[in-house]
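One structure below.
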Amino acid sequence: MITLYGVPRSRTLRCIWMLEEVGAPYRLEKSPASDGSWHSPEYTAINPNRKIPALRDGELVLWESLAINQYLAEKYGGTLWPETPEARGLVYQWGLWANGELDPHLFTAIYHRLLAAEAHRDEEKAVQAEATLQKPLGVLNAALESHAFLLGDAFTAADLNVASVAAWAPWARVDLTAFPAAAAWLNGCLERPASKKALAKLQQ
Ligand SMILES: N[C@@H](CCC(=O)N[C@@H](CS)C(=O)NCC(=O)O)C(=O)O
């Protein structure tokens, strides 16, 4: 059985969504260290970055949430993983794009508006991050103006990976009203049963 290391209230949620989407049996496990630390020798042997998530599937150990998702989609994901190299190129493109162009700035905004203790929040940094996000959000919006999903008419691993990162936008109070196609697409993706199952784990 697949083991996913992490906790829902983290980037692990992206992989929980993918696992629920592909229907592969898995168990969610905290650090193998008895104190639950991500800095223990036991967990460092799994992910030398000492970060979550990480995944074990048989002999394979993987880290990086969006790479994990691409692997899961290819191995277990049926229609989530496109058949042609050209379409798969687009899945890689959008995953790397989400990791590079969205994740760092959304993290800055969510950190300073939600995650950090009041004393460590800096609204100026959140505002700057939101300003930086205008360009990539415009790119996303333009891509979704002409078709329902990133690769065309069907939901694929590209949509899941980008939406699972963009899902931070509402929590980071990043305004999406200037990007109606992206906002509608994001809402639709988050309404999928697998996404709802993953989000429900935040309450458990
Ligand atoms: N690019 C990595 C980032 C992983 C990451 O930063 N995870 C956070 C939790 S969301 C973490 O483990 N932070 C602990 C730390 O930085 O010490 C991924 O997408 O998996």
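Each chain in the structure tokens gets a letter, A, B, ..., in the order shown, and its residues are numbered from 1; ligands are numbered from 1 in order too.
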Which neighbours of segment 94-103 of chain A fall inside 9 Å, counting only C-alpha atoms, when residues of the same chain fewer than 5 positions from it are skipped, and could you give them as an mmCIF file with N, CA, C and O atoms, in the first residue's frame?
```cif
data_model
loop_
_atom_site.group_PDB
_atom_site.id
_atom_site.type_symbol
_atom_site.label_atom_id
_atom_site.label_comp_id
_atom_site.auth_asym_id
_atom_site.auth_seq_id
_atom_site.Cartn_x
_atom_site.Cartn_y
_atom_site.Cartn_z
ATOM 1 N N LEU A 66 4.239 18.127 -6.273
ATOM 2 C CA LEU A 66 3.670 18.092 -7.625
ATOM 3 C C LEU A 66 4.302 16.985 -8.470
ATOM 4 O O LEU A 66 3.640 16.430 -9.362
ATOM 5 N N ALA A 67 5.558 16.637 -8.163
ATOM 6 C CA ALA A 67 6.180 15.480 -8.829
ATOM 7 C C ALA A 67 5.488 14.201 -8.363
ATOM 8 O O ALA A 67 5.227 13.293 -9.167
ATOM 9 N N GLN A 70 2.343 13.916 -10.316
ATOM 10 C CA GLN A 70 2.515 13.491 -11.710
ATOM 11 C C GLN A 70 2.771 11.979 -11.764
ATOM 12 O O GLN A 70 2.247 11.275 -12.626
ATOM 13 N N GLY A 89 3.727 16.898 -22.132
ATOM 14 C CA GLY A 89 4.594 18.079 -22.034
ATOM 15 C C GLY A 89 3.865 19.241 -21.373
ATOM 16 O O GLY A 89 4.441 19.970 -20.549
ATOM 17 N N THR A 108 3.839 33.280 0.501
ATOM 18 C CA THR A 108 4.143 34.529 1.223
ATOM 19 C C THR A 108 2.849 35.198 1.691
ATOM 20 O O THR A 108 2.740 35.640 2.846
ATOM 21 N N LEU A 133 1.681 38.285 -8.135
ATOM 22 C CA LEU A 133 0.812 37.226 -8.666
ATOM 23 C C LEU A 133 -0.069 37.687 -9.823
ATOM 24 O O LEU A 133 -0.645 36.848 -10.530
ATOM 25 N N PRO A 136 1.181 36.015 -13.343
ATOM 26 C CA PRO A 136 0.839 34.602 -13.557
ATOM 27 C C PRO A 136 -0.666 34.335 -13.512
ATOM 28 O O PRO A 136 -1.155 33.473 -14.260
ATOM 29 N N LEU A 137 -1.396 35.047 -12.671
ATOM 30 C CA LEU A 137 -2.856 34.821 -12.659
ATOM 31 C C LEU A 137 -3.472 35.244 -13.985
ATOM 32 O O LEU A 137 -4.437 34.625 -14.460
ATOM 33 N N LEU A 150 -7.139 23.080 -18.571
ATOM 34 C CA LEU A 150 -5.855 23.576 -19.080
ATOM 35 C C LEU A 150 -5.428 22.902 -20.381
ATOM 36 O O LEU A 150 -4.804 23.537 -21.230
ATOM 37 N N ALA A 157 -4.190 15.852 -14.858
ATOM 38 C CA ALA A 157 -3.226 16.109 -13.782
ATOM 39 C C ALA A 157 -2.748 17.559 -13.798
ATOM 40 O O ALA A 157 -2.386 18.103 -12.745
ATOM 41 N N ALA A 158 -2.754 18.191 -14.968
ATOM 42 C CA ALA A 158 -2.342 19.601 -15.024
ATOM 43 C C ALA A 158 -3.300 20.467 -14.207
ATOM 44 O O ALA A 158 -2.874 21.338 -13.440
ATOM 45 N N ASP A 159 -4.602 20.208 -14.363
ATOM 46 C CA ASP A 159 -5.585 20.992 -13.606
ATOM 47 C C ASP A 159 -5.446 20.732 -12.111
ATOM 48 O O ASP A 159 -5.474 21.668 -11.308
ATOM 49 N N ASN A 161 -2.859 19.748 -10.373
ATOM 50 C CA ASN A 161 -1.660 20.339 -9.784
ATOM 51 C C ASN A 161 -1.764 21.858 -9.671
ATOM 52 O O ASN A 161 -1.442 22.435 -8.628
ATOM 53 N N VAL A 162 -2.231 22.502 -10.730
ATOM 54 C CA VAL A 162 -2.317 23.969 -10.654
ATOM 55 C C VAL A 162 -3.412 24.382 -9.664
ATOM 56 O O VAL A 162 -3.209 25.281 -8.835
ATOM 57 N N ALA A 163 -4.558 23.699 -9.709
ATOM 58 C CA ALA A 163 -5.649 24.082 -8.800
ATOM 59 C C ALA A 163 -5.277 23.828 -7.342
ATOM 60 O O ALA A 163 -5.670 24.595 -6.457
ATOM 61 N N VAL A 165 -2.470 24.203 -5.998
ATOM 62 C CA VAL A 165 -1.634 25.323 -5.548
ATOM 63 C C VAL A 165 -2.478 26.596 -5.483
ATOM 64 O O VAL A 165 -2.468 27.321 -4.472
ATOM 65 N N ALA A 166 -3.252 26.845 -6.545
ATOM 66 C CA ALA A 166 -4.087 28.060 -6.588
ATOM 67 C C ALA A 166 -5.132 28.074 -5.477
ATOM 68 O O ALA A 166 -5.639 29.139 -5.111
ATOM 69 N N TRP A 168 -4.766 27.988 -2.546
ATOM 70 C CA TRP A 168 -4.352 28.856 -1.437
ATOM 71 C C TRP A 168 -4.870 30.289 -1.601
ATOM 72 O O TRP A 168 -4.879 31.050 -0.629
#
```
Enumerate residues in contact with ligand 1: an atom-to-atom distance of at most 9 Å, counting only C-alpha atoms and all ligand atoms. Format the result as a list in words.
Gly6, Val7, Arg9, Ser10, Arg11, Thr12, Leu13, Arg14, Trp38, His39, Asn49, Arg50, Lys51, Ile52, Pro53, Ala54, Trp63, Glu64, Ser65, Leu66, Ala67, Ile68, Asn99, Asp103 and Phe107 of chain A
From segment 96-142 of chain A, collect each residue whose DSSP state is alpha helix (DSSP H) and return the set as a compact mmCIF listing (two decimals) with N, CA, C and O atoms, in the first residue's frame.
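Once everything was written out, this is result.txt:
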```txt
# COMPACT_ATOMS: atom_id res chain seq x y z
N LEU A 96 5.38 22.63 -13.31
CA LEU A 96 6.57 23.43 -12.99
C LEU A 96 6.19 24.90 -12.84
O LEU A 96 6.71 25.62 -11.99
N TRP A 97 5.27 25.33 -13.68
CA TRP A 97 4.82 26.73 -13.62
C TRP A 97 4.14 27.01 -12.27
O TRP A 97 4.44 28.03 -11.62
N ASP A 103 3.33 29.14 -6.35
CA ASP A 103 3.53 28.65 -4.98
C ASP A 103 4.29 29.64 -4.08
O ASP A 103 3.81 29.96 -2.98
N PRO A 104 5.44 30.17 -4.50
CA PRO A 104 6.20 31.00 -3.55
C PRO A 104 5.43 32.27 -3.14
O PRO A 104 5.48 32.67 -1.97
N HIS A 105 4.74 32.87 -4.09
CA HIS A 105 4.04 34.13 -3.80
C HIS A 105 2.75 33.88 -3.01
O HIS A 105 2.41 34.64 -2.11
N LEU A 106 2.06 32.80 -3.36
CA LEU A 106 0.87 32.46 -2.57
C LEU A 106 1.28 32.10 -1.15
O LEU A 106 0.59 32.42 -0.19
N PHE A 107 2.43 31.41 -1.03
CA PHE A 107 2.87 31.05 0.32
C PHE A 107 3.17 32.32 1.13
O PHE A 107 2.80 32.42 2.30
N THR A 108 3.84 33.28 0.50
CA THR A 108 4.14 34.53 1.22
C THR A 108 2.85 35.20 1.69
O THR A 108 2.74 35.64 2.85
N ALA A 109 1.86 35.24 0.79
CA ALA A 109 0.59 35.90 1.17
C ALA A 109 -0.12 35.13 2.27
O ALA A 109 -0.60 35.72 3.25
N ILE A 110 -0.18 33.81 2.14
CA ILE A 110 -0.92 33.03 3.14
C ILE A 110 -0.17 33.05 4.49
O ILE A 110 -0.78 33.07 5.56
N GLU A 123 1.87 42.73 6.53
CA GLU A 123 0.89 42.90 5.45
C GLU A 123 1.54 43.46 4.19
O GLU A 123 1.13 43.15 3.07
N GLU A 124 2.59 44.25 4.37
CA GLU A 124 3.29 44.81 3.20
C GLU A 124 3.84 43.69 2.30
O GLU A 124 3.74 43.76 1.07
N LYS A 125 4.37 42.64 2.94
CA LYS A 125 4.91 41.51 2.16
C LYS A 125 3.79 40.78 1.44
O LYS A 125 3.96 40.33 0.30
N ALA A 126 2.64 40.66 2.10
CA ALA A 126 1.50 40.00 1.46
C ALA A 126 1.02 40.82 0.26
O ALA A 126 0.70 40.27 -0.79
N VAL A 127 0.98 42.12 0.41
CA VAL A 127 0.55 43.00 -0.68
C VAL A 127 1.51 42.88 -1.86
O VAL A 127 1.10 42.78 -3.02
N GLN A 128 2.80 42.87 -1.56
CA GLN A 128 3.81 42.71 -2.63
C GLN A 128 3.64 41.38 -3.36
O GLN A 128 3.72 41.30 -4.58
N ALA A 129 3.39 40.32 -2.58
CA ALA A 129 3.21 38.99 -3.18
C ALA A 129 1.98 39.00 -4.09
O ALA A 129 2.00 38.46 -5.20
N GLU A 130 0.92 39.64 -3.62
CA GLU A 130 -0.31 39.70 -4.42
C GLU A 130 -0.06 40.47 -5.72
O GLU A 130 -0.56 40.10 -6.78
N ALA A 131 0.74 41.52 -5.63
CA ALA A 131 1.07 42.30 -6.84
C ALA A 131 1.85 41.43 -7.82
O ALA A 131 1.59 41.44 -9.04
N THR A 132 2.80 40.64 -7.32
CA THR A 132 3.60 39.76 -8.18
C THR A 132 2.73 38.70 -8.84
O THR A 132 3.00 38.26 -9.97
N LEU A 133 1.68 38.29 -8.13
CA LEU A 133 0.81 37.23 -8.67
C LEU A 133 -0.07 37.69 -9.82
O LEU A 133 -0.64 36.85 -10.53
N GLN A 134 -0.19 38.99 -10.03
CA GLN A 134 -1.10 39.48 -11.08
C GLN A 134 -0.71 38.92 -12.45
O GLN A 134 -1.57 38.54 -13.24
N LYS A 135 0.59 38.88 -12.73
CA LYS A 135 1.01 38.40 -14.05
C LYS A 135 0.71 36.91 -14.24
O LYS A 135 0.03 36.54 -15.21
N PRO A 136 1.18 36.02 -13.34
CA PRO A 136 0.84 34.60 -13.56
C PRO A 136 -0.67 34.33 -13.51
O PRO A 136 -1.16 33.47 -14.26
N LEU A 137 -1.40 35.05 -12.67
CA LEU A 137 -2.86 34.82 -12.66
C LEU A 137 -3.47 35.24 -13.99
O LEU A 137 -4.44 34.62 -14.46
N GLY A 138 -2.90 36.28 -14.61
CA GLY A 138 -3.36 36.67 -15.94
C GLY A 138 -3.08 35.59 -16.97
O GLY A 138 -3.90 35.32 -17.86
N VAL A 139 -1.92 34.94 -16.85
CA VAL A 139 -1.57 33.84 -17.75
C VAL A 139 -2.57 32.69 -17.59
O VAL A 139 -3.08 32.13 -18.57
N LEU A 140 -2.86 32.36 -16.34
CA LEU A 140 -3.81 31.27 -16.06
C LEU A 140 -5.19 31.61 -16.60
O LEU A 140 -5.86 30.78 -17.24
N ASN A 141 -5.61 32.83 -16.34
CA ASN A 141 -6.94 33.25 -16.80
C ASN A 141 -7.05 33.17 -18.32
O ASN A 141 -8.04 32.66 -18.86
N ALA A 142 -6.02 33.66 -19.01
CA ALA A 142 -6.05 33.64 -20.48
C ALA A 142 -6.12 32.21 -21.00
O ALA A 142 -6.83 31.91 -21.96
```
Could you write out, as a VMD selection string, all the residues of segment 1-155 of chain A that DSSP marks as strand (DSSP E)?
chain A and resid 2 to 5 26 to 29 54 to 57 60 to 63
So which residues touch Lys196 of chain A within 12 Å, counting only C-alpha atoms, skipping near sequence neighbours fewer than 4 positions away, as an MDAnalysis selection string?
chainID A and resid 13:14 16:18 20:21 164 187:192 200:203
Minimum-distance residue to Leu4 of chain A, chosen among A:Ser37, A:Thr44, A:Asn69, A:Thr156 (using only C-alpha atoms)
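For Leu4 of chain A, the nearest of the candidates is A:Asn69.
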Could you check the closest approach to Pro82 of chain A for each of A:Ala24, A:Ala154, A:Ser195, A:Tyr43 and tell me which residue wins, using only C-alpha atoms?
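Distance minimum relative to Pro82 of chain A lands on A:Ala154.
Residues in contact with Asp57 of chain A at up to 7 Å, not including ones fewer than 3 positions away on its chain and judged by only C-alpha atoms, are A:Met1, A:Ile2, A:Thr3, A:Leu60, A:Val61.
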Which distance in Å separates atom CA of Phe155 of chain A and atom CA of Pro180 of chain A, to one decimal?
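Between atom CA of Phe155 of chain A and atom CA of Pro180 of chain A the gap is 18.2 Å.
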